[in-house]
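K.L.:
Provided herewith: upload00.txt, compact mmCIF, C-alpha atoms (C1' of nucleotides).
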```
# COMPACT_ATOMS: atom_id res chain seq x y z
CA MET A 1 -10.38 -47.88 14.72
CA ASN A 2 -10.64 -44.76 16.86
CA GLU A 3 -7.44 -43.70 15.19
CA VAL A 4 -5.27 -41.10 16.88
CA VAL A 5 -5.15 -37.99 14.70
CA VAL A 6 -1.57 -36.71 14.54
CA LEU A 7 -0.69 -33.07 14.23
CA THR A 8 1.09 -32.53 10.90
CA PRO A 9 2.37 -29.32 9.30
CA GLU A 10 -0.16 -29.92 6.55
CA ARG A 11 -3.08 -29.98 9.01
CA ILE A 12 -1.80 -26.82 10.65
CA LEU A 13 -1.56 -25.04 7.28
CA GLU A 14 -5.07 -26.15 6.43
CA ALA A 15 -6.42 -24.86 9.74
CA THR A 16 -4.47 -21.60 9.43
CA GLU A 17 -5.92 -20.94 6.01
CA ASP A 18 -9.42 -21.50 7.43
CA VAL A 19 -8.76 -19.20 10.36
CA LEU A 20 -7.34 -16.52 8.06
CA ARG A 21 -10.44 -16.65 5.88
CA ARG A 22 -12.78 -16.60 8.86
CA PHE A 23 -11.18 -13.88 10.99
CA GLY A 24 -9.09 -12.00 8.44
CA LEU A 25 -5.37 -11.32 8.45
CA ALA A 26 -5.47 -8.68 11.18
CA LYS A 27 -7.44 -10.71 13.73
CA ALA A 28 -6.16 -14.24 13.16
CA THR A 29 -3.94 -15.47 15.99
CA VAL A 30 -1.90 -18.59 16.60
CA VAL A 31 -4.19 -19.29 19.54
CA ASP A 32 -7.15 -19.35 17.11
CA VAL A 33 -5.32 -21.85 14.93
CA ALA A 34 -4.53 -24.07 17.94
CA ARG A 35 -8.15 -23.86 19.10
CA ALA A 36 -9.36 -24.93 15.65
CA LEU A 37 -7.09 -27.98 15.89
CA ASP A 38 -8.00 -28.59 19.54
CA VAL A 39 -4.39 -28.45 20.74
CA SER A 40 -2.41 -25.96 22.80
CA HIS A 41 -0.78 -23.15 20.85
CA GLY A 42 2.61 -24.41 22.06
CA SER A 43 2.14 -27.43 19.81
CA VAL A 44 1.89 -25.23 16.78
CA TYR A 45 5.29 -23.76 17.64
CA ARG A 46 6.70 -27.27 17.56
CA HIS A 47 6.14 -27.27 13.78
CA PHE A 48 6.61 -23.59 12.87
CA PRO A 49 9.21 -21.40 14.58
CA SER A 50 7.10 -18.25 14.46
CA LYS A 51 3.79 -16.80 13.44
CA ALA A 52 5.48 -15.08 10.49
CA SER A 53 6.88 -18.36 9.17
CA LEU A 54 3.44 -19.94 9.47
CA ARG A 55 1.89 -17.12 7.51
CA GLN A 56 4.56 -17.40 4.85
CA ALA A 57 4.08 -21.15 4.55
CA VAL A 58 0.35 -20.62 4.07
CA ALA A 59 1.00 -17.98 1.44
CA LYS A 60 3.46 -20.22 -0.38
CA ARG A 61 0.97 -23.10 -0.49
CA TRP A 62 -1.71 -20.74 -1.72
CA LEU A 63 0.53 -19.19 -4.39
CA ASP A 64 1.80 -22.57 -5.61
CA ARG A 65 -1.72 -23.91 -5.93
CA ALA A 66 -3.08 -20.79 -7.61
CA ASN A 67 -0.28 -20.51 -10.14
CA ALA A 68 -0.08 -24.18 -11.11
CA PRO A 69 -1.67 -23.55 -14.54
CA LEU A 70 1.18 -21.20 -15.44
CA ALA A 71 3.90 -23.83 -15.19
CA GLU A 72 1.92 -25.95 -17.62
CA ILE A 73 1.75 -23.18 -20.23
CA ALA A 74 5.45 -22.45 -19.80
CA GLU A 75 6.34 -26.09 -20.43
CA ALA A 76 3.96 -26.59 -23.36
CA ASP A 77 4.93 -26.75 -27.05
CA GLY A 78 3.86 -24.40 -29.80
CA PRO A 79 4.76 -20.92 -31.02
CA ALA A 80 6.26 -18.76 -28.30
CA PRO A 81 4.34 -15.52 -28.96
CA GLU A 82 0.96 -17.19 -28.50
CA ARG A 83 2.22 -19.01 -25.43
CA LEU A 84 3.63 -15.84 -23.87
CA ASP A 85 0.38 -14.02 -24.55
CA LYS A 86 -1.58 -16.89 -23.02
CA TRP A 87 0.76 -17.11 -20.03
CA LEU A 88 0.46 -13.40 -19.24
CA ARG A 89 -3.31 -13.32 -19.67
CA THR A 90 -3.63 -16.39 -17.48
CA MET A 91 -1.54 -14.85 -14.73
CA ILE A 92 -3.59 -11.67 -14.85
CA GLU A 93 -6.83 -13.65 -14.81
CA ILE A 94 -5.67 -15.78 -11.86
CA LYS A 95 -4.81 -12.75 -9.79
CA TYR A 96 -8.08 -11.05 -10.66
CA SER A 97 -10.24 -14.05 -9.86
CA LYS A 98 -8.44 -14.50 -6.52
CA VAL A 99 -9.15 -10.92 -5.45
CA CYS A 100 -12.82 -11.53 -6.17
CA GLU A 101 -13.22 -15.06 -4.84
CA ASP A 102 -10.74 -15.25 -1.95
CA PRO A 103 -10.26 -11.65 -0.82
CA GLU A 104 -9.09 -12.47 2.71
CA MET A 105 -6.29 -14.74 1.50
CA PHE A 106 -5.43 -12.15 -1.12
CA ARG A 107 -5.02 -9.54 1.58
CA THR A 108 -2.61 -11.88 3.36
CA TYR A 109 -0.65 -12.21 0.16
CA LEU A 110 -0.69 -8.42 -0.30
CA ALA A 111 0.66 -7.91 3.22
CA LEU A 112 3.46 -10.38 2.59
CA ALA A 113 4.23 -8.85 -0.80
CA GLN A 114 4.59 -5.44 0.85
CA ASP A 115 7.22 -6.60 3.27
CA ALA A 116 10.02 -7.78 1.03
CA CYS A 117 9.16 -11.33 2.04
CA GLU A 118 11.49 -14.13 0.93
CA VAL A 119 8.70 -16.48 -0.05
CA VAL A 120 7.07 -13.97 -2.36
CA LYS A 121 10.41 -12.96 -3.88
CA ALA A 122 11.29 -16.60 -4.55
CA HIS A 123 7.92 -17.16 -6.11
CA LYS A 124 8.29 -14.13 -8.33
CA GLU A 125 11.70 -15.44 -9.39
CA LEU A 126 10.09 -18.73 -10.36
CA LEU A 127 7.55 -16.95 -12.53
CA VAL A 128 10.28 -14.93 -14.23
CA GLU A 129 12.05 -18.22 -15.00
CA GLN A 130 8.90 -19.45 -16.69
CA VAL A 131 8.67 -16.33 -18.85
CA ALA A 132 12.38 -16.63 -19.66
CA HIS A 133 11.77 -20.21 -20.73
CA ILE A 134 9.04 -19.19 -23.16
CA ILE A 135 11.17 -16.37 -24.53
CA SER A 136 14.14 -18.74 -25.05
CA ASP A 137 11.83 -21.02 -27.00
CA GLY A 138 10.85 -18.02 -29.09
CA VAL A 139 14.48 -17.25 -29.81
CA LYS A 140 15.10 -20.87 -30.86
CA GLN A 141 12.03 -20.68 -33.08
CA GLY A 142 13.45 -17.52 -34.65
CA VAL A 143 10.38 -15.45 -33.81
CA PHE A 144 11.93 -13.49 -30.93
CA GLU A 145 15.05 -11.39 -31.16
CA VAL A 146 16.48 -10.96 -27.70
CA ALA A 147 20.03 -10.75 -26.39
CA ASP A 148 19.32 -11.91 -22.84
CA ALA A 149 16.19 -13.98 -22.28
CA LYS A 150 16.28 -13.62 -18.51
CA ALA A 151 16.59 -9.84 -18.68
CA ALA A 152 13.81 -9.68 -21.26
CA ALA A 153 11.62 -11.87 -19.04
CA ARG A 154 12.18 -9.52 -16.13
CA ALA A 155 11.29 -6.58 -18.35
CA VAL A 156 8.06 -8.25 -19.44
CA PHE A 157 7.26 -9.09 -15.84
CA ASP A 158 7.97 -5.51 -14.75
CA ALA A 159 5.92 -4.11 -17.61
CA THR A 160 2.82 -6.05 -16.59
CA VAL A 161 3.19 -5.33 -12.88
CA ARG A 162 0.11 -3.12 -12.88
CA TYR A 163 -2.06 -6.13 -13.66
CA HIS A 164 -0.57 -8.72 -11.37
CA HIS A 165 0.85 -6.91 -8.36
CA PRO A 166 -1.66 -6.81 -5.50
CA ALA A 167 -0.84 -3.16 -4.77
CA HIS A 168 -2.80 -2.27 -7.92
CA SER A 169 -5.73 -4.59 -7.28
CA ASP A 170 -8.20 -1.79 -6.66
CA GLU A 171 -7.70 -0.62 -10.24
CA TRP A 172 -8.60 -4.00 -11.72
CA ASN A 173 -12.26 -3.13 -12.11
CA ASP A 174 -11.55 -0.38 -14.60
CA PRO A 175 -13.91 -1.03 -17.55
CA ALA A 176 -11.09 -0.05 -19.91
CA LYS A 177 -8.90 -2.81 -18.49
CA PRO A 178 -9.28 -5.37 -21.31
CA ALA A 179 -8.43 -2.80 -23.97
CA ARG A 180 -5.44 -1.58 -22.00
CA ILE A 181 -4.16 -5.11 -21.51
CA ASP A 182 -4.53 -5.78 -25.23
CA ALA A 183 -2.55 -2.65 -26.05
CA LEU A 184 0.14 -3.44 -23.52
CA LEU A 185 0.63 -7.07 -24.53
CA ALA A 186 0.66 -6.15 -28.22
CA LEU A 187 3.37 -3.59 -27.53
CA LEU A 188 5.47 -6.04 -25.54
CA LEU A 189 5.16 -8.84 -28.10
CA LYS A 190 6.09 -6.48 -30.90
CA GLY A 191 9.09 -5.43 -28.86
CA LEU A 192 10.27 -9.02 -28.54
CA GLU A 193 9.57 -10.10 -32.08
CA ALA A 194 12.28 -10.41 -34.69
CA CYS A 195 11.76 -7.96 -37.53
CA LYS A 196 10.09 -10.00 -40.23
CA ARG A 197 10.73 -8.26 -43.53
CA MET B 1 4.09 50.73 5.83
CA ASN B 2 3.11 48.19 8.44
CA GLU B 3 1.21 46.50 5.67
CA VAL B 4 -1.65 44.19 6.58
CA VAL B 5 -0.79 40.66 5.54
CA VAL B 6 -3.81 39.10 3.86
CA LEU B 7 -4.61 35.43 4.05
CA THR B 8 -4.40 33.99 0.54
CA PRO B 9 -4.84 30.40 -0.67
CA GLU B 10 -1.22 30.51 -1.72
CA ARG B 11 -0.01 31.38 1.79
CA ILE B 12 -2.18 28.61 3.21
CA LEU B 13 -0.73 26.07 0.79
CA GLU B 14 2.78 27.19 1.66
CA ALA B 15 2.10 26.81 5.38
CA THR B 16 0.39 23.45 4.89
CA GLU B 17 3.36 22.10 3.01
CA ASP B 18 5.62 23.22 5.87
CA VAL B 19 3.37 21.64 8.47
CA LEU B 20 3.20 18.40 6.49
CA ARG B 21 6.97 18.23 6.30
CA ARG B 22 7.38 19.07 9.97
CA PHE B 23 4.72 16.83 11.54
CA GLY B 24 4.16 14.25 8.81
CA LEU B 25 0.96 13.31 7.03
CA ALA B 26 -0.53 11.41 9.95
CA LYS B 27 -0.06 14.14 12.59
CA ALA B 28 -0.62 17.32 10.60
CA THR B 29 -3.91 19.03 11.48
CA VAL B 30 -5.77 22.04 10.14
CA VAL B 31 -5.30 23.61 13.57
CA ASP B 32 -1.53 23.31 13.11
CA VAL B 33 -1.78 25.08 9.76
CA ALA B 34 -3.86 27.87 11.27
CA ARG B 35 -1.42 28.22 14.16
CA ALA B 36 1.49 28.51 11.72
CA LEU B 37 -0.36 31.36 10.00
CA ASP B 38 -1.48 32.89 13.28
CA VAL B 39 -5.17 32.77 12.40
CA SER B 40 -8.11 30.73 13.64
CA HIS B 41 -8.66 27.41 11.90
CA GLY B 42 -12.09 28.66 10.80
CA SER B 43 -10.30 31.09 8.48
CA VAL B 44 -8.63 28.25 6.66
CA TYR B 45 -12.06 26.79 5.94
CA ARG B 46 -12.99 30.07 4.27
CA HIS B 47 -10.53 29.19 1.48
CA PHE B 48 -10.71 25.38 1.40
CA PRO B 49 -13.95 23.50 1.97
CA SER B 50 -12.30 20.57 3.75
CA LYS B 51 -9.06 19.17 5.01
CA ALA B 52 -9.09 16.68 2.12
CA SER B 53 -9.36 19.45 -0.48
CA LEU B 54 -6.49 21.29 1.19
CA ARG B 55 -4.32 18.19 1.08
CA GLN B 56 -5.19 17.65 -2.56
CA ALA B 57 -4.37 21.24 -3.46
CA VAL B 58 -0.98 20.89 -1.77
CA ALA B 59 -0.32 17.65 -3.64
CA LYS B 60 -1.33 19.23 -6.94
CA ARG B 61 1.02 22.15 -6.43
CA TRP B 62 3.80 19.77 -5.48
CA LEU B 63 3.19 17.48 -8.46
CA ASP B 64 2.96 20.37 -10.91
CA ARG B 65 6.20 21.83 -9.67
CA ALA B 66 8.04 18.50 -9.59
CA ASN B 67 6.96 17.45 -13.06
CA ALA B 68 7.53 20.75 -14.83
CA PRO B 69 10.66 19.43 -16.65
CA LEU B 70 8.54 16.74 -18.31
CA ALA B 71 6.27 19.17 -20.15
CA GLU B 72 9.36 20.77 -21.62
CA ILE B 73 10.69 17.49 -23.00
CA ALA B 74 7.28 16.63 -24.41
CA GLU B 75 7.08 19.95 -26.27
CA ALA B 76 10.67 19.92 -27.55
CA ASP B 77 11.78 19.12 -31.09
CA GLY B 78 13.97 16.27 -32.23
CA PRO B 79 13.64 12.54 -32.86
CA ALA B 80 10.80 10.98 -30.91
CA PRO B 81 12.57 7.82 -29.66
CA GLU B 82 15.29 9.78 -27.91
CA ARG B 83 12.71 12.17 -26.50
CA LEU B 84 10.50 9.38 -25.21
CA ASP B 85 13.50 7.69 -23.63
CA LYS B 86 14.57 10.96 -22.03
CA TRP B 87 11.03 11.73 -20.87
CA LEU B 88 10.61 8.33 -19.18
CA ARG B 89 14.03 8.42 -17.55
CA THR B 90 13.38 11.94 -16.31
CA MET B 91 10.04 10.94 -14.78
CA ILE B 92 11.63 7.98 -13.06
CA GLU B 93 14.49 10.14 -11.81
CA ILE B 94 12.11 12.82 -10.51
CA LYS B 95 10.10 10.31 -8.53
CA TYR B 96 13.20 8.68 -7.13
CA SER B 97 14.82 11.93 -6.06
CA LYS B 98 11.60 13.05 -4.39
CA VAL B 99 11.39 9.88 -2.27
CA CYS B 100 14.90 10.54 -1.09
CA GLU B 101 14.79 14.31 -0.64
CA ASP B 102 11.22 15.02 0.38
CA PRO B 103 9.96 11.77 1.92
CA GLU B 104 7.18 13.31 3.99
CA MET B 105 5.58 15.04 0.99
CA PHE B 106 6.05 11.85 -0.96
CA ARG B 107 4.10 9.95 1.65
CA THR B 108 1.29 12.46 1.28
CA TYR B 109 1.32 11.89 -2.43
CA LEU B 110 1.33 8.12 -1.88
CA ALA B 111 -1.67 8.36 0.41
CA LEU B 112 -3.56 10.42 -2.17
CA ALA B 113 -2.55 8.07 -4.97
CA GLN B 114 -3.95 5.17 -3.00
CA ASP B 115 -7.38 6.67 -2.67
CA ALA B 116 -8.49 7.07 -6.24
CA CYS B 117 -8.05 10.82 -5.82
CA GLU B 118 -9.27 13.11 -8.63
CA VAL B 119 -6.21 15.34 -8.52
CA VAL B 120 -3.80 12.46 -8.97
CA LYS B 121 -5.90 10.89 -11.71
CA ALA B 122 -6.07 14.20 -13.59
CA HIS B 123 -2.33 14.61 -13.24
CA LYS B 124 -1.71 11.10 -14.54
CA GLU B 125 -3.96 11.88 -17.50
CA LEU B 126 -1.85 14.95 -18.24
CA LEU B 127 1.33 12.89 -18.26
CA VAL B 128 -0.24 10.33 -20.59
CA GLU B 129 -1.10 13.22 -22.93
CA GLN B 130 2.54 14.23 -22.96
CA VAL B 131 3.63 10.71 -23.86
CA ALA B 132 0.94 10.54 -26.53
CA HIS B 133 2.25 13.81 -27.94
CA ILE B 134 5.77 12.43 -28.27
CA ILE B 135 4.48 9.23 -29.83
CA SER B 136 2.40 11.19 -32.37
CA ASP B 137 5.53 13.10 -33.29
CA GLY B 138 7.27 9.77 -33.80
CA VAL B 139 4.50 8.60 -36.10
CA LYS B 140 4.76 11.81 -38.10
CA GLN B 141 8.53 11.31 -38.30
CA GLY B 142 7.92 7.80 -39.59
CA VAL B 143 9.94 6.20 -36.79
CA PHE B 144 6.99 4.89 -34.78
CA GLU B 145 4.31 2.57 -36.10
CA VAL B 146 1.26 2.87 -33.90
CA ALA B 147 -2.46 2.74 -34.65
CA ASP B 148 -3.64 4.75 -31.65
CA ALA B 149 -1.10 7.09 -30.05
CA LYS B 150 -3.19 7.64 -26.92
CA ALA B 151 -3.61 3.91 -26.32
CA ALA B 152 0.08 3.34 -26.94
CA ALA B 153 0.92 6.14 -24.50
CA ARG B 154 -1.24 4.52 -21.85
CA ALA B 155 0.48 1.19 -22.49
CA VAL B 156 3.92 2.78 -22.10
CA PHE B 157 2.77 4.50 -18.94
CA ASP B 158 1.34 1.25 -17.56
CA ALA B 159 4.48 -0.65 -18.48
CA THR B 160 6.71 1.70 -16.50
CA VAL B 161 4.40 1.85 -13.48
CA ARG B 162 6.85 -0.09 -11.33
CA TYR B 163 9.33 2.80 -11.56
CA HIS B 164 7.03 5.76 -11.08
CA HIS B 165 4.13 4.63 -8.92
CA PRO B 166 4.77 5.37 -5.24
CA ALA B 167 3.43 1.96 -4.21
CA HIS B 168 6.68 0.48 -5.54
CA SER B 169 8.99 3.08 -4.05
CA ASP B 170 10.57 0.69 -1.56
CA GLU B 171 11.95 -1.34 -4.49
CA TRP B 172 13.70 1.65 -6.03
CA ASN B 173 16.95 0.97 -4.21
CA ASP B 174 17.46 -2.35 -5.97
CA PRO B 175 21.05 -2.25 -7.30
CA ALA B 176 19.83 -3.98 -10.48
CA LYS B 177 17.42 -1.10 -11.11
CA PRO B 178 19.41 0.74 -13.84
CA ALA B 179 19.91 -2.45 -15.86
CA ARG B 180 16.24 -3.37 -15.52
CA ILE B 181 15.15 0.08 -16.63
CA ASP B 182 17.46 -0.12 -19.63
CA ALA B 183 15.99 -3.48 -20.62
CA LEU B 184 12.42 -2.30 -20.13
CA LEU B 185 12.80 0.95 -22.08
CA ALA B 186 14.64 -0.83 -24.90
CA LEU B 187 11.80 -3.33 -25.14
CA LEU B 188 9.14 -0.62 -25.20
CA LEU B 189 10.94 1.50 -27.80
CA LYS B 190 11.46 -1.52 -30.01
CA GLY B 191 7.74 -2.26 -29.66
CA LEU B 192 6.84 1.21 -30.86
CA GLU B 193 9.37 1.47 -33.66
CA ALA B 194 8.47 0.96 -37.29
CA CYS B 195 10.25 -2.05 -38.78
CA LYS B 196 13.23 -0.62 -40.59
CA ARG B 197 14.28 -3.17 -43.17
C1' DT C 1 11.98 -40.79 24.36
C1' DG C 2 9.17 -37.60 22.15
C1' DA C 3 4.87 -35.26 21.45
C1' DC C 4 2.23 -32.47 24.10
C1' DT C 5 0.57 -29.14 27.84
C1' DA C 6 0.46 -25.52 31.18
C1' DA C 7 2.46 -21.63 33.04
C1' DC C 8 5.16 -17.68 32.24
C1' DA C 9 7.51 -12.98 30.67
C1' DG C 10 7.52 -9.57 27.57
C1' DA C 11 5.26 -7.63 23.55
C1' DT C 12 1.06 -6.30 21.38
C1' DA C 13 -3.84 -5.32 21.10
C1' DT C 14 -8.16 -3.73 23.08
C1' DT C 15 -10.99 -0.64 25.52
C1' DG C 16 -13.31 3.29 27.30
C1' DA C 17 -12.76 7.92 29.10
C1' DA C 18 -10.72 12.28 28.06
C1' DA C 19 -8.65 15.31 24.78
C1' DT C 20 -8.32 17.01 20.26
C1' DC C 21 -9.87 17.74 15.74
C1' DT C 22 -13.12 18.83 11.82
C1' DG C 23 -16.42 21.51 9.90
C1' DT C 24 -20.25 25.08 10.89
C1' DC C 25 -22.07 29.37 12.06
C1' DA C 26 -23.70 33.46 14.66
C1' DG C 27 -21.73 37.59 15.56
C1' DC C 28 -17.77 41.07 16.04
C1' DG C 29 -14.97 44.75 14.27
C1' DA C 30 -13.01 47.38 10.39
C1' DT D 1 -20.30 44.53 3.78
C1' DC D 2 -16.53 41.40 4.37
C1' DG D 3 -13.09 38.76 6.52
C1' DC D 4 -12.27 36.87 10.67
C1' DT D 5 -13.10 34.90 15.38
C1' DG D 6 -14.65 31.96 19.04
C1' DA D 7 -17.83 28.69 20.56
C1' DC D 8 -19.97 24.52 19.38
C1' DA D 9 -21.53 19.39 18.04
C1' DG D 10 -20.13 15.31 16.41
C1' DA D 11 -16.23 12.57 14.76
C1' DT D 12 -11.67 11.11 15.56
C1' DT D 13 -7.52 10.47 18.21
C1' DT D 14 -4.90 9.78 22.38
C1' DC D 15 -3.71 7.57 26.55
C1' DA D 16 -3.32 4.44 30.15
C1' DA D 17 -5.19 0.43 32.27
C1' DT D 18 -6.40 -4.13 31.10
C1' DA D 19 -6.57 -8.21 28.40
C1' DT D 20 -4.71 -11.05 24.95
C1' DC D 21 -1.10 -12.79 22.26
C1' DT D 22 3.68 -14.57 21.04
C1' DG D 23 7.32 -17.40 21.90
C1' DT D 24 9.85 -20.26 25.65
C1' DT D 25 10.46 -23.87 28.81
C1' DA D 26 9.93 -27.04 32.61
C1' DG D 27 7.43 -30.85 33.30
C1' DT D 28 3.57 -34.57 32.19
C1' DC D 29 2.04 -38.67 30.04
C1' DA D 30 2.11 -42.63 27.02
```
Let me see the file written as structure tokens.
P.N.:
Amino acid sequence: MNEVVVLTPERILEATEDVLRRFGLAKATVVDVARALDVSHGSVYRHFPSKASLRQAVAKRWLDRANAPLAEIAEADGPAPERLDKWLRTMIEIKYSKVCEDPEMFRTYLALAQDACEVVKAHKELLVEQVAHIISDGVKQGVFEVADAKAAARAVFDATVRYHHPAHSDEWNDPAKPARIDALLALLLKGLEACKR
Amino acid sequence: MNEVVVLTPERILEATEDVLRRFGLAKATVVDVARALDVSHGSVYRHFPSKASLRQAVAKRWLDRANAPLAEIAEADGPAPERLDKWLRTMIEIKYSKVCEDPEMFRTYLALAQDACEVVKAHKELLVEQVAHIISDGVKQGVFEVADAKAAARAVFDATVRYHHPAHSDEWNDPAKPARIDALLALLLKGLEACKR
DNA sequence: TGACTAACAGATATTGAAATCTGTCAGCGA
DNA sequence: TCGCTGACAGATTTCAATATCTGTTAGTCA
């Protein structure tokens, strides 16, 4: 018993997330994180080379956790149009609920997204892959007519940027939002679909 | 001769634009504007109720001037798909050239766009009207198949937000940009088009 | 040896006093 | 009368001194 608690990257990330939520992005310092873990701040630098890398690691963890449901939809079976619709609506809903429920972490993510941060870019790339995967399925099923699935995925991702990029988050309370999303997604799906007659 | 130069709103706007370019949005003051016009700053307040309203008036003038070519395309004759394509590419090109050529005014516009400023919202509404007008033409020509032209216009506007909203301006140097725009516009036009076979 | 601390230099943030700005208005001069 | 000025109060910004933070490293302890 009386086990020695070791300092792991995971524990540091956990503590950093707490500190970020408590003090906010602007005020949170590495010293705060060290204090929360009851170690010297030098110890934190043994596991993360800089404050920026720590922040990015926290954001990555947060993004991966938040977007887990999307991977599932991308990998599922069933008709591609419904799945793409579901995937996009889920992404939009995730982002929206995070702004409301975890605003301080969202601000961190916004700050990182505004620098052209590697972590966020990589994550975005991953999401585009998922969309491309659904679209490829649609092509195989004969319901989508698309020359380049990856390019089409990027276009769909670009086209919905207003509803998932944090820079637009203050417009997400627009009462007309659901109707506008419906119109936008309908337009995009029609654009992908093979002409039926 | 020796004509008395009267202080008009127009002259104030002119001077304000100069001051904004010279000192930048953050540093420009009403006192600077007054100094440039060789009057007391109280005189400026005789024509504009606040610094904010002055800034907005400058932005409006700037936006109206910059976007003049768009109105022309919207009102022109000819097949709607080509016109819509041209209109969107022109808007994107205007925004891009302004970031490059007039960065300080662009920053002002960005700042205004980030507050939910009335002037910018009204201007956006005007642009959506223009798109709706082109789309209606397309419906009349039988080349577009759309239930609600206004809603479709909003969807098209939303879908291209990444390439005309100033919040994304630091991504406009992406070398893949032209290809991505091509893919996006093709997708949108296909989404609007009536099925031909 | 290897994880940690304590002390450090340079960079960044905070603070409070002083300067400047915004917006108002009584009054001047044409 | 009408357009402008100059002085003003309160809000905001600047500036420089001070404190805190970031990132490094020599050295401690188990």
K.L.:
Could you give me, as a tab-separated table, every chain B residue with an atom at most 10 Å from chain A, plus its closest atom pair and distance in Å to one decimal, counting only C-alpha atoms, rows ordered by chain then number?
P.N.:
```
residue	atom	partner	partner_atom	distance
B:Gln114	CA	A:Asp170	CA	8.9
B:Asp115	CA	A:Asp170	CA	9.4
B:Ala116	CA	A:Glu171	CA	8.7
B:Val146	CA	A:Leu187	CA	9.3
B:Asp148	CA	A:Ala183	CA	9.3
B:Ala151	CA	A:Ala183	CA	6.7
B:Ala152	CA	A:Ala183	CA	6.6
B:Ala153	CA	A:Ala183	CA	9.6
B:Arg154	CA	A:Arg180	CA	7.4
B:Ala155	CA	A:Leu184	CA	4.8
B:Val156	CA	A:Leu184	CA	7.4
B:Phe157	CA	A:Ala159	CA	9.3
B:Asp158	CA	A:Arg162	CA	6.5
B:Ala159	CA	A:Ala159	CA	3.8
B:Thr160	CA	A:Ala159	CA	6.0
B:Val161	CA	A:Arg162	CA	6.6
B:Arg162	CA	A:Asp158	CA	6.5
B:Tyr163	CA	A:Asp158	CA	9.0
B:His165	CA	A:Arg162	CA	9.6
B:Ala167	CA	A:Ala167	CA	6.7
B:His168	CA	A:Ala167	CA	8.4
B:Asp170	CA	A:Ala116	CA	8.9
B:Glu171	CA	A:Ala116	CA	8.7
B:Ala179	CA	A:Ala151	CA	8.6
B:Arg180	CA	A:Ala155	CA	6.5
B:Ile181	CA	A:Ala155	CA	7.9
B:Asp182	CA	A:Ala155	CA	9.0
B:Ala183	CA	A:Ala155	CA	6.1
B:Leu184	CA	A:Ala155	CA	4.8
B:Leu185	CA	A:Ala155	CA	8.5
B:Ala186	CA	A:Gly191	CA	8.2
B:Leu187	CA	A:Gly191	CA	5.1
B:Leu188	CA	A:Gly191	CA	6.0
B:Leu189	CA	A:Gly191	CA	7.3
B:Lys190	CA	A:Gly191	CA	4.7
B:Gly191	CA	A:Gly191	CA	3.5
B:Leu192	CA	A:Leu187	CA	6.8
B:Glu193	CA	A:Gly191	CA	8.4
B:Ala194	CA	A:Cys195	CA	9.5
B:Cys195	CA	A:Cys195	CA	6.2
B:Lys196	CA	A:Cys195	CA	8.1
B:Arg197	CA	A:Arg197	CA	6.2
```
K.L.:
Chain A residues within 9 Å of chain C, counting all atoms listed in the file: which ones, as a ChimeraX atom specification?
P.N.:
/A:39-40,42-43
K.L.:
Keeping C-alpha atoms, export the residues of the selection given above as an mmCIF file, in the frame of the given file.
P.N.:
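Generated file (result31.cif):
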```cif
data_model
loop_
_atom_site.group_PDB
_atom_site.id
_atom_site.type_symbol
_atom_site.label_atom_id
_atom_site.label_comp_id
_atom_site.auth_asym_id
_atom_site.auth_seq_id
_atom_site.Cartn_x
_atom_site.Cartn_y
_atom_site.Cartn_z
ATOM 1 C CA VAL A 39 -4.390 -28.450 20.740
ATOM 2 C CA SER A 40 -2.410 -25.960 22.800
ATOM 3 C CA GLY A 42 2.610 -24.410 22.060
ATOM 4 C CA SER A 43 2.140 -27.430 19.810
#
```
K.L.:
Expressed in Å to a single decimal, how great is the separation between CA of Trp172 in chain B and CA of Arg55 in chain A?
P.N.:
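Interatomic distance, CA of Trp172 in chain B to CA of Arg55 in chain A: 26.0 Å.
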K.L.:
Quick one: residues within 12 Å of Trp87 in chain A, all atoms listed in the file, excluding same-chain residues fewer than 3 positions away - as a ChimeraX atom specification?
P.N.:
/A:67-76,80-84,90-94,127-128,130-135,156-157,160,185
K.L.:
For CA of Phe106 in chain B and CA of Pro166 in chain B, determine how far apart the two atoms are, in Å to one decimal place.
P.N.:
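Atom-to-atom, CA of Phe106 in chain B to CA of Pro166 in chain B, that is 7.9 Å.
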K.L.:
May I have the residues of chain B within 12 Å of chain D, counting all atoms listed in the file, written as a PyMOL selection string?
P.N.:
chain B and resi 6-8+26-27+29+38-47
K.L.:
Those same residues - C-alpha atoms - I'd like them written as a PDB file, in the coordinates of the input.
P.N.:
```
ATOM      1  CA  VAL B   6      -3.810  39.100   3.860  1.00  0.00           C
ATOM      2  CA  LEU B   7      -4.610  35.430   4.050  1.00  0.00           C
ATOM      3  CA  THR B   8      -4.400  33.990   0.540  1.00  0.00           C
ATOM      4  CA  ALA B  26      -0.530  11.410   9.950  1.00  0.00           C
ATOM      5  CA  LYS B  27      -0.060  14.140  12.590  1.00  0.00           C
ATOM      6  CA  THR B  29      -3.910  19.030  11.480  1.00  0.00           C
ATOM      7  CA  ASP B  38      -1.480  32.890  13.280  1.00  0.00           C
ATOM      8  CA  VAL B  39      -5.170  32.770  12.400  1.00  0.00           C
ATOM      9  CA  SER B  40      -8.110  30.730  13.640  1.00  0.00           C
ATOM     10  CA  HIS B  41      -8.660  27.410  11.900  1.00  0.00           C
ATOM     11  CA  GLY B  42     -12.090  28.660  10.800  1.00  0.00           C
ATOM     12  CA  SER B  43     -10.300  31.090   8.480  1.00  0.00           C
ATOM     13  CA  VAL B  44      -8.630  28.250   6.660  1.00  0.00           C
ATOM     14  CA  TYR B  45     -12.060  26.790   5.940  1.00  0.00           C
ATOM     15  CA  ARG B  46     -12.990  30.070   4.270  1.00  0.00           C
ATOM     16  CA  HIS B  47     -10.530  29.190   1.480  1.00  0.00           C
TER      17      HIS B  47
END
```
